[in-house]
$ cat upload_7.pdb   # PDB, C-alpha atoms and all ligand atoms
MODEL        1
ATOM      1  CA  MET A   2      65.839 109.903 121.861  1.00  0.00           C
ATOM      2  CA  LEU A   3      62.168 109.631 122.670  1.00  0.00           C
ATOM      3  CA  THR A   4      61.392 108.692 119.106  1.00  0.00           C
ATOM      4  CA  SER A   5      63.408 105.507 119.532  1.00  0.00           C
ATOM      5  CA  PHE A   6      61.057 104.374 122.302  1.00  0.00           C
ATOM      6  CA  LYS A   7      58.838 101.385 121.697  1.00  0.00           C
ATOM      7  CA  ILE A   8      55.196 101.350 122.627  1.00  0.00           C
ATOM      8  CA  LEU A   9      53.166  98.319 123.668  1.00  0.00           C
ATOM      9  CA  VAL A  10      50.153  97.756 121.422  1.00  0.00           C
ATOM     10  CA  LEU A  11      47.110  95.975 122.864  1.00  0.00           C
ATOM     11  CA  ASN A  12      44.297  94.457 120.911  1.00  0.00           C
ATOM     12  CA  TYR A  13      40.754  95.736 121.410  1.00  0.00           C
ATOM     13  CA  SER A  14      40.428  92.913 123.975  1.00  0.00           C
ATOM     14  CA  TYR A  15      43.475  94.268 125.892  1.00  0.00           C
ATOM     15  CA  GLU A  16      45.528  91.281 124.771  1.00  0.00           C
ATOM     16  CA  PRO A  17      49.129  92.323 123.950  1.00  0.00           C
ATOM     17  CA  LEU A  18      49.851  92.232 120.212  1.00  0.00           C
ATOM     18  CA  GLN A  19      53.291  93.727 119.611  1.00  0.00           C
ATOM     19  CA  PHE A  20      55.550  96.692 120.204  1.00  0.00           C
ATOM     20  CA  CYS A  21      55.584  99.543 117.700  1.00  0.00           C
ATOM     21  CA  SER A  22      57.600 102.725 117.259  1.00  0.00           C
ATOM     22  CA  ALA A  23      56.665 105.845 119.212  1.00  0.00           C
ATOM     23  CA  LYS A  24      55.919 107.667 115.973  1.00  0.00           C
ATOM     24  CA  ARG A  25      53.541 104.995 114.776  1.00  0.00           C
ATOM     25  CA  ALA A  26      51.784 104.898 118.158  1.00  0.00           C
ATOM     26  CA  VAL A  27      51.238 108.661 118.191  1.00  0.00           C
ATOM     27  CA  VAL A  28      49.958 108.609 114.599  1.00  0.00           C
ATOM     28  CA  MET A  29      47.531 105.818 115.464  1.00  0.00           C
ATOM     29  CA  VAL A  30      46.214 107.725 118.479  1.00  0.00           C
ATOM     30  CA  LEU A  31      45.915 111.026 116.579  1.00  0.00           C
ATOM     31  CA  SER A  32      44.099 109.331 113.697  1.00  0.00           C
ATOM     32  CA  GLY A  33      41.632 107.707 116.076  1.00  0.00           C
ATOM     33  CA  ARG A  34      42.666 104.145 115.286  1.00  0.00           C
ATOM     34  CA  ALA A  35      43.978 103.579 118.795  1.00  0.00           C
ATOM     35  CA  GLU A  36      43.614 105.077 122.241  1.00  0.00           C
ATOM     36  CA  GLN A  37      46.277 105.853 124.763  1.00  0.00           C
ATOM     37  CA  ILE A  38      45.937 103.526 127.723  1.00  0.00           C
ATOM     38  CA  GLU A  39      48.967 104.463 129.802  1.00  0.00           C
ATOM     39  CA  CYS A  40      51.420 107.325 129.699  1.00  0.00           C
ATOM     40  CA  ASP A  41      54.235 108.294 132.040  1.00  0.00           C
ATOM     41  CA  GLY A  42      54.667 111.984 131.360  1.00  0.00           C
ATOM     42  CA  PHE A  43      57.052 111.771 128.392  1.00  0.00           C
ATOM     43  CA  GLN A  44      56.290 114.165 125.558  1.00  0.00           C
ATOM     44  CA  ILE A  45      57.206 114.051 121.882  1.00  0.00           C
ATOM     45  CA  ARG A  46      57.979 117.541 120.618  1.00  0.00           C
ATOM     46  CA  THR A  47      57.773 118.715 117.034  1.00  0.00           C
ATOM     47  CA  PRO A  48      58.668 122.283 115.987  1.00  0.00           C
ATOM     48  CA  SER A  49      55.001 123.278 116.239  1.00  0.00           C
ATOM     49  CA  SER A  50      53.537 121.172 119.035  1.00  0.00           C
ATOM     50  CA  SER A  51      54.047 118.372 121.523  1.00  0.00           C
ATOM     51  CA  TYR A  52      52.216 115.122 122.149  1.00  0.00           C
ATOM     52  CA  PRO A  53      52.121 112.838 125.143  1.00  0.00           C
ATOM     53  CA  LEU A  54      54.181 109.721 124.495  1.00  0.00           C
ATOM     54  CA  PRO A  55      52.106 106.677 125.422  1.00  0.00           C
ATOM     55  CA  ALA A  56      53.612 103.629 127.098  1.00  0.00           C
ATOM     56  CA  VAL A  57      50.647 101.489 126.049  1.00  0.00           C
ATOM     57  CA  ILE A  58      48.020 101.985 123.348  1.00  0.00           C
ATOM     58  CA  ARG A  59      44.953  99.939 122.506  1.00  0.00           C
ATOM     59  CA  ILE A  60      43.680  99.396 118.984  1.00  0.00           C
ATOM     60  CA  LEU A  61      40.021 100.370 118.715  1.00  0.00           C
ATOM     61  CA  LYS A  62      39.065  97.402 116.593  1.00  0.00           C
ATOM     62  CA  MET A  63      39.651  93.716 117.091  1.00  0.00           C
ATOM     63  CA  VAL A  64      42.728  92.344 115.294  1.00  0.00           C
ATOM     64  CA  LYS A  65      42.406  88.660 114.465  1.00  0.00           C
ATOM     65  CA  ARG A  66      45.321  86.379 115.191  1.00  0.00           C
ATOM     66  CA  ASN A  67      45.810  82.998 113.638  1.00  0.00           C
ATOM     67  CA  ARG A  68      46.231  80.805 116.685  1.00  0.00           C
ATOM     68  CA  ARG A  69      46.515  77.598 114.745  1.00  0.00           C
ATOM     69  CA  HIS A  70      49.706  78.649 113.022  1.00  0.00           C
ATOM     70  CA  GLN A  71      52.433  76.486 114.493  1.00  0.00           C
ATOM     71  CA  VAL A  72      56.005  77.260 115.402  1.00  0.00           C
ATOM     72  CA  ALA A  73      58.517  75.470 113.176  1.00  0.00           C
ATOM     73  CA  PHE A  74      60.489  72.803 115.012  1.00  0.00           C
ATOM     74  CA  SER A  75      64.058  74.041 114.641  1.00  0.00           C
ATOM     75  CA  LYS A  76      67.144  74.490 116.786  1.00  0.00           C
ATOM     76  CA  LYS A  77      66.648  78.260 116.640  1.00  0.00           C
ATOM     77  CA  ASN A  78      63.113  77.986 118.008  1.00  0.00           C
ATOM     78  CA  ILE A  79      64.129  75.460 120.681  1.00  0.00           C
ATOM     79  CA  LEU A  80      66.762  77.974 121.809  1.00  0.00           C
ATOM     80  CA  ARG A  81      64.159  80.738 121.845  1.00  0.00           C
ATOM     81  CA  ARG A  82      61.655  78.612 123.735  1.00  0.00           C
ATOM     82  CA  ASP A  83      64.222  77.758 126.406  1.00  0.00           C
ATOM     83  CA  ASN A  84      65.534  81.320 126.475  1.00  0.00           C
ATOM     84  CA  TYR A  85      69.041  80.209 125.395  1.00  0.00           C
ATOM     85  CA  THR A  86      69.355  78.675 128.851  1.00  0.00           C
ATOM     86  CA  CYS A  87      70.650  75.229 129.749  1.00  0.00           C
ATOM     87  CA  GLN A  88      67.630  73.411 131.164  1.00  0.00           C
ATOM     88  CA  TYR A  89      69.834  71.458 133.566  1.00  0.00           C
ATOM     89  CA  CYS A  90      72.139  74.031 135.196  1.00  0.00           C
ATOM     90  CA  GLY A  91      70.488  77.327 134.217  1.00  0.00           C
ATOM     91  CA  ILE A  92      73.587  78.789 132.588  1.00  0.00           C
ATOM     92  CA  SER A  93      73.148  80.816 129.410  1.00  0.00           C
ATOM     93  CA  LYS A  94      76.657  81.825 128.422  1.00  0.00           C
ATOM     94  CA  HIS A  95      78.109  78.704 126.848  1.00  0.00           C
ATOM     95  CA  PRO A  96      77.459  77.776 123.257  1.00  0.00           C
ATOM     96  CA  MET A  97      74.293  75.709 123.578  1.00  0.00           C
ATOM     97  CA  THR A  98      73.445  72.277 122.308  1.00  0.00           C
ATOM     98  CA  VAL A  99      70.112  70.557 121.928  1.00  0.00           C
ATOM     99  CA  ASP A 100      69.645  67.523 124.167  1.00  0.00           C
ATOM    100  CA  HIS A 101      67.192  64.635 124.000  1.00  0.00           C
ATOM    101  CA  VAL A 102      65.667  64.269 127.484  1.00  0.00           C
ATOM    102  CA  LEU A 103      65.080  60.562 126.905  1.00  0.00           C
ATOM    103  CA  PRO A 104      68.184  59.709 124.843  1.00  0.00           C
ATOM    104  CA  LYS A 105      67.617  58.978 121.180  1.00  0.00           C
ATOM    105  CA  SER A 106      69.445  55.654 121.571  1.00  0.00           C
ATOM    106  CA  ARG A 107      66.744  54.631 124.061  1.00  0.00           C
ATOM    107  CA  GLY A 108      63.845  55.553 121.841  1.00  0.00           C
ATOM    108  CA  GLY A 109      63.589  59.264 122.687  1.00  0.00           C
ATOM    109  CA  LYS A 110      61.795  61.259 120.036  1.00  0.00           C
ATOM    110  CA  THR A 111      62.996  64.419 118.360  1.00  0.00           C
ATOM    111  CA  ASP A 112      60.040  66.656 119.180  1.00  0.00           C
ATOM    112  CA  TRP A 113      59.065  69.618 121.358  1.00  0.00           C
ATOM    113  CA  GLU A 114      58.293  67.366 124.331  1.00  0.00           C
ATOM    114  CA  ASN A 115      61.635  65.550 124.379  1.00  0.00           C
ATOM    115  CA  VAL A 116      64.188  68.139 123.342  1.00  0.00           C
ATOM    116  CA  VAL A 117      65.711  70.852 125.529  1.00  0.00           C
ATOM    117  CA  VAL A 118      68.590  73.297 125.419  1.00  0.00           C
ATOM    118  CA  ALA A 119      71.674  72.080 127.278  1.00  0.00           C
ATOM    119  CA  CYS A 120      75.157  73.529 127.674  1.00  0.00           C
ATOM    120  CA  LYS A 121      77.984  71.349 126.405  1.00  0.00           C
ATOM    121  CA  PRO A 122      79.256  70.310 129.875  1.00  0.00           C
ATOM    122  CA  CYS A 123      75.734  69.225 130.950  1.00  0.00           C
ATOM    123  CA  ASN A 124      75.132  67.421 127.685  1.00  0.00           C
ATOM    124  CA  LEU A 125      78.403  65.523 128.095  1.00  0.00           C
ATOM    125  CA  LYS A 126      77.718  64.780 131.751  1.00  0.00           C
ATOM    126  CA  LYS A 127      74.209  63.568 130.957  1.00  0.00           C
ATOM    127  CA  SER A 128      75.385  61.340 128.147  1.00  0.00           C
ATOM    128  CA  ASN A 129      73.027  58.399 127.734  1.00  0.00           C
ATOM    129  CA  ARG A 130      70.997  58.987 130.899  1.00  0.00           C
ATOM    130  CA  THR A 131      67.669  60.558 131.738  1.00  0.00           C
ATOM    131  CA  PRO A 132      67.472  63.638 134.025  1.00  0.00           C
ATOM    132  CA  ALA A 133      66.233  61.345 136.827  1.00  0.00           C
ATOM    133  CA  GLU A 134      69.173  58.977 136.395  1.00  0.00           C
ATOM    134  CA  MET A 135      71.506  61.954 136.378  1.00  0.00           C
ATOM    135  CA  GLY A 136      69.799  63.361 139.483  1.00  0.00           C
ATOM    136  CA  ILE A 137      69.292  66.786 137.909  1.00  0.00           C
ATOM    137  CA  PRO A 138      65.688  67.797 137.280  1.00  0.00           C
ATOM    138  CA  LEU A 139      64.785  69.887 134.258  1.00  0.00           C
ATOM    139  CA  LEU A 140      64.207  73.601 134.895  1.00  0.00           C
ATOM    140  CA  SER A 141      60.932  73.357 133.012  1.00  0.00           C
ATOM    141  CA  ARG A 142      58.918  70.680 131.302  1.00  0.00           C
ATOM    142  CA  PRO A 143      59.446  70.944 127.546  1.00  0.00           C
ATOM    143  CA  SER A 144      56.368  71.569 125.420  1.00  0.00           C
ATOM    144  CA  ARG A 145      55.323  73.059 122.115  1.00  0.00           C
ATOM    145  CA  PRO A 146      55.758  76.832 122.398  1.00  0.00           C
ATOM    146  CA  ASP A 147      53.015  79.316 121.726  1.00  0.00           C
ATOM    147  CA  MET A 148      53.504  81.007 118.362  1.00  0.00           C
ATOM    148  CA  HIS A 149      52.805  84.431 119.717  1.00  0.00           C
ATOM    149  CA  TRP A 150      55.130  84.574 122.678  1.00  0.00           C
ATOM    150  CA  ILE A 151      58.146  83.010 121.063  1.00  0.00           C
ATOM    151  CA  HIS A 152      58.610  86.168 118.988  1.00  0.00           C
ATOM    152  CA  PHE A 153      57.668  88.552 121.759  1.00  0.00           C
ATOM    153  CA  ALA A 154      60.707  90.386 123.045  1.00  0.00           C
ATOM    154  CA  VAL A 155      60.496  93.240 125.509  1.00  0.00           C
ATOM    155  CA  PRO A 156      62.441  96.177 124.061  1.00  0.00           C
ATOM    156  CA  LYS A 157      64.664  98.419 126.115  1.00  0.00           C
ATOM    157  CA  GLY A 158      62.694 101.320 127.477  1.00  0.00           C
ATOM    158  CA  PRO A 159      62.476 103.692 130.418  1.00  0.00           C
ATOM    159  CA  GLU A 160      62.137 101.768 133.662  1.00  0.00           C
ATOM    160  CA  SER A 161      58.716 103.336 134.288  1.00  0.00           C
ATOM    161  CA  HIS A 162      57.439 102.055 130.933  1.00  0.00           C
ATOM    162  CA  VAL A 163      58.799  98.577 131.593  1.00  0.00           C
ATOM    163  CA  ARG A 164      56.934  98.569 134.911  1.00  0.00           C
ATOM    164  CA  ILE A 165      53.726  99.537 133.109  1.00  0.00           C
ATOM    165  CA  TRP A 166      54.226  96.867 130.406  1.00  0.00           C
ATOM    166  CA  LYS A 167      54.570  94.231 133.126  1.00  0.00           C
ATOM    167  CA  LYS A 168      50.911  94.698 133.972  1.00  0.00           C
ATOM    168  CA  TYR A 169      49.854  93.646 130.474  1.00  0.00           C
ATOM    169  CA  LEU A 170      52.378  90.948 129.529  1.00  0.00           C
ATOM    170  CA  PRO A 171      52.607  87.396 130.826  1.00  0.00           C
ATOM    171  CA  LYS A 172      55.449  86.558 133.166  1.00  0.00           C
ATOM    172  CA  LYS A 173      57.210  84.296 130.692  1.00  0.00           C
ATOM    173  CA  VAL A 174      57.891  87.255 128.418  1.00  0.00           C
ATOM    174  CA  PHE A 175      59.694  89.006 131.248  1.00  0.00           C
ATOM    175  CA  ASN A 176      61.758  85.953 132.112  1.00  0.00           C
ATOM    176  CA  ARG A 177      63.701  86.812 128.990  1.00  0.00           C
ATOM    177  CA  TYR A 178      64.123  90.443 129.912  1.00  0.00           C
ATOM    178  CA  ALA A 179      67.303  91.394 131.720  1.00  0.00           C
ATOM    179  CA  PHE A 180      66.679  94.075 134.304  1.00  0.00           C
ATOM    180  CA  ASN A 181      69.767  96.044 135.243  1.00  0.00           C
TER
HETATM  181 ZN    ZN A 201      74.264  73.155 131.803  1.00  0.00          ZN
ENDMDL
END

$ encode --input "upload_7.pdb" --output "structure tokens"
Amino acid sequence: MLTSFKILVLNYSYEPLQFCSAKRAVVMVLSGRAEQIECDGFQIRTPSSSYPLPAVIRILKMVKRNRRHQVAFSKKNILRRDNYTCQYCGISKHPMTVDHVLPKSRGGKTDWENVVVACKPCNLKKSNRTPAEMGIPLLSRPSRPDMHWIHFAVPKGPESHVRIWKKYLPKKVFNRYAFN
């Protein structure tokens, strides 16, 4: 169903804000609150008329975002930051644990910079060692995640829309998106 499609919403500055429903996007365009930026030929039909279904719309006034709002330090958000992927072997199927890069017993802190997602086998194998001592480098250097992107998930959509969205979204958002 076309109406189940999600539409990428850009701020006035072209910065991605969120995804919204197709219905909401069309209403925003028709009411003049947003403009259609990209469209791929899909149409929404009502009994009396039809409207082009946008892939991307842009709000015609600047929406302020609170950049200082910080992401809560929790296992759930560590998993989201690391894309539910073991930062040692890259696997994402096992039940995941949270691992201290510099072990706690050796003074490692419990914070964004020292905690990563690890699968159980890697966590066990690593034990009381550092990644260097284990000889397995981390997939990425842990850091405090950006509030905005941690909640940004690319919805399922027609392949042509996904290709269009890629132009507007940072790469890290697409790292979480499984192309089939
Ligand atoms: Zn692993």

$ resolve_selection --input "upload_7.pdb" --expression "the PyMOL selection byres (((chain A and resi 118) around 10) and not hetatm)" --output "list of chain:residue names"
A:Lys76, A:Ile79, A:Leu80, A:Arg81, A:Arg82, A:Asp83, A:Asn84, A:Tyr85, A:Thr86, A:Cys87, A:Gln88, A:Tyr89, A:Gly91, A:Ser93, A:Met97, A:Thr98, A:Val99, A:Asp100, A:His101, A:Val102, A:Val116, A:Val117, A:Ala119, A:Cys120, A:Lys121, A:Cys123, A:Asn124, A:Pro143

$ atom_distance --input "upload_7.pdb" --atom1 "atom CA of Lys110 of chain A" --atom2 "atom CA of Leu125 of chain A"
18.9 Å

$ resolve_selection --input "upload_7.pdb" --expression "the PyMOL selection byres (((chain A and resi 126-129) around 9) and not hetatm)" --output "list of chain:residue names"
A:Leu103, A:Pro104, A:Lys105, A:Ser106, A:Arg107, A:Lys121, A:Pro122, A:Cys123, A:Asn124, A:Leu125, A:Arg130, A:Thr131, A:Pro132, A:Glu134, A:Met135

$ write_last_selection --input "upload_7.pdb" --atoms "C-alpha atoms" --output "PDB file, in the coordinates of the input"
ATOM      1  CA  LEU A 103      65.080  60.562 126.905  1.00  0.00           C
ATOM      2  CA  PRO A 104      68.184  59.709 124.843  1.00  0.00           C
ATOM      3  CA  LYS A 105      67.617  58.978 121.180  1.00  0.00           C
ATOM      4  CA  SER A 106      69.445  55.654 121.571  1.00  0.00           C
ATOM      5  CA  ARG A 107      66.744  54.631 124.061  1.00  0.00           C
ATOM      6  CA  LYS A 121      77.984  71.349 126.405  1.00  0.00           C
ATOM      7  CA  PRO A 122      79.256  70.310 129.875  1.00  0.00           C
ATOM      8  CA  CYS A 123      75.734  69.225 130.950  1.00  0.00           C
ATOM      9  CA  ASN A 124      75.132  67.421 127.685  1.00  0.00           C
ATOM     10  CA  LEU A 125      78.403  65.523 128.095  1.00  0.00           C
ATOM     11  CA  ARG A 130      70.997  58.987 130.899  1.00  0.00           C
ATOM     12  CA  THR A 131      67.669  60.558 131.738  1.00  0.00           C
ATOM     13  CA  PRO A 132      67.472  63.638 134.025  1.00  0.00           C
ATOM     14  CA  GLU A 134      69.173  58.977 136.395  1.00  0.00           C
ATOM     15  CA  MET A 135      71.506  61.954 136.378  1.00  0.00           C
TER      16      MET A 135
END

$ resolve_selection --input "upload_7.pdb" --expression "the PyMOL selection byres (((chain A and resi 47-52) around 12) and not hetatm)" --output "PyMOL selection string"
chain A and resi 3-4+23-24+26-28+30-31+37+40+42-46+53-55

$ closest_residue --input "upload_7.pdb" --among "A:Leu170, A:Leu61, A:Arg66, A:Glu114" --to "Ala154 of chain A" --atoms "only C-alpha atoms"
A:Leu170

$ closest_residue --input "upload_7.pdb" --among "A:Gly108, A:Pro156, A:Pro146, A:Pro96" --to "ligand ZN 201 (chain A)" --atoms "all atoms listed in the file"
A:Pro96

$ atom_distance --input "upload_7.pdb" --atom1 "atom CA of Ile8 of chain A" --atom2 "atom CA of Gln71 of chain A"
26.3 Å

$ atom_distance --input "upload_7.pdb" --atom1 "atom CA of Ser5 of chain A" --atom2 "atom CA of Ser22 of chain A"
6.8 Å

$ closest_residue --input "upload_7.pdb" --among "A:Asn78, A:Arg142, A:Cys90, A:Val72" --to "ligand ZN 201 (chain A)" --atoms "all atoms listed in the file"
A:Cys90

$ residues_around --input "upload_7.pdb" --residues "Phe153 of chain A" --least-positions-apart "5" --cutoff "9 Å" --atoms "all atoms listed in the file" --output "PyMOL selection string"
chain A and resi 18-20+174

$ write_last_selection --input "upload_7.pdb" --atoms "C-alpha atoms" --output "compact mmCIF listing (two decimals), in the coordinates of the input"
# COMPACT_ATOMS: atom_id res chain seq x y z
CA LEU A 18 49.85 92.23 120.21
CA GLN A 19 53.29 93.73 119.61
CA PHE A 20 55.55 96.69 120.20
CA VAL A 174 57.89 87.26 128.42

$ closest_residue --input "upload_7.pdb" --among "A:Val155, A:Ile58, A:Leu139, A:Leu9" --to "ligand ZN 201 (chain A)" --atoms "all atoms listed in the file"
A:Leu139

$ closest_residue --input "upload_7.pdb" --among "A:Lys167, A:His95, A:Asp147, A:Thr111" --to "ligand ZN 201 (chain A)" --atoms "all atoms listed in the file"
A:His95

$ closest_residue --input "upload_7.pdb" --among "A:Lys157, A:Tyr169, A:Trp113, A:Ala73" --to "Val10 of chain A" --atoms "all atoms listed in the file"
A:Tyr169

$ axis_aligned_box --input "upload_7.pdb" --around "segment 45-49 of chain A" --padding-each-side "5 Å" --output "AutoDock Vina command-line options"
--center_x 56.8 --center_y 118.7 --center_z 118.9 --size_x 13.7 --size_y 19.2 --size_z 15.9
